[in-house]
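Below you'll find the structure, written out as C-alpha cells, and then a few comments.
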Amino acid sequence: MDKKNALRAGALASGTTLMMLLMSSPALALTRDDGDDPGNGLSVIETLGLYVAAPIVLFLVIAGLVMLGDKSRKQQKQG
C-alpha cells in the first residue's frame, strides 16, 4: 500500500511541475525595455566569488560568532 501512495504522490508532483512549466510564459529576456542599461557581465571568477565564496564565508562567520557566544555562556555557568 505504501508503494501505491508513493507512486501517486510522485505522479502528482511531476504532473503539477510539468503543468506549471508548460503554462508559464517565457521571460522575453531578449526584448529590451525602455531605459534598460545593462552593465558589463561578470567574469567566471567574479561570479564564483559572489555566489559561492561570499555565502560560504558569511556562513562561517555567523557560525563562528554563534559558537563563540555559546562557549562564553558555558564558561559563565561553570564559574
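By convention in this document, the chains of the C-alpha cells carry letters A, B, ... by their order, each chain's residues are numbered from 1, and ligands are numbered from 1 in the order they are shown.
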> Out of chain A, which residues get helix (DSSP H, G or I) from DSSP, as a ChimeraX atom specification?
Replying inline: /A:2-23,44-78
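For the pair atom CA of A:Leu22 and atom CA of A:Asp34, the interatomic distance is 28.7 Å.
You will find atom CA of A:Gly49 at 23.9 Å from atom CA of A:Asp37.
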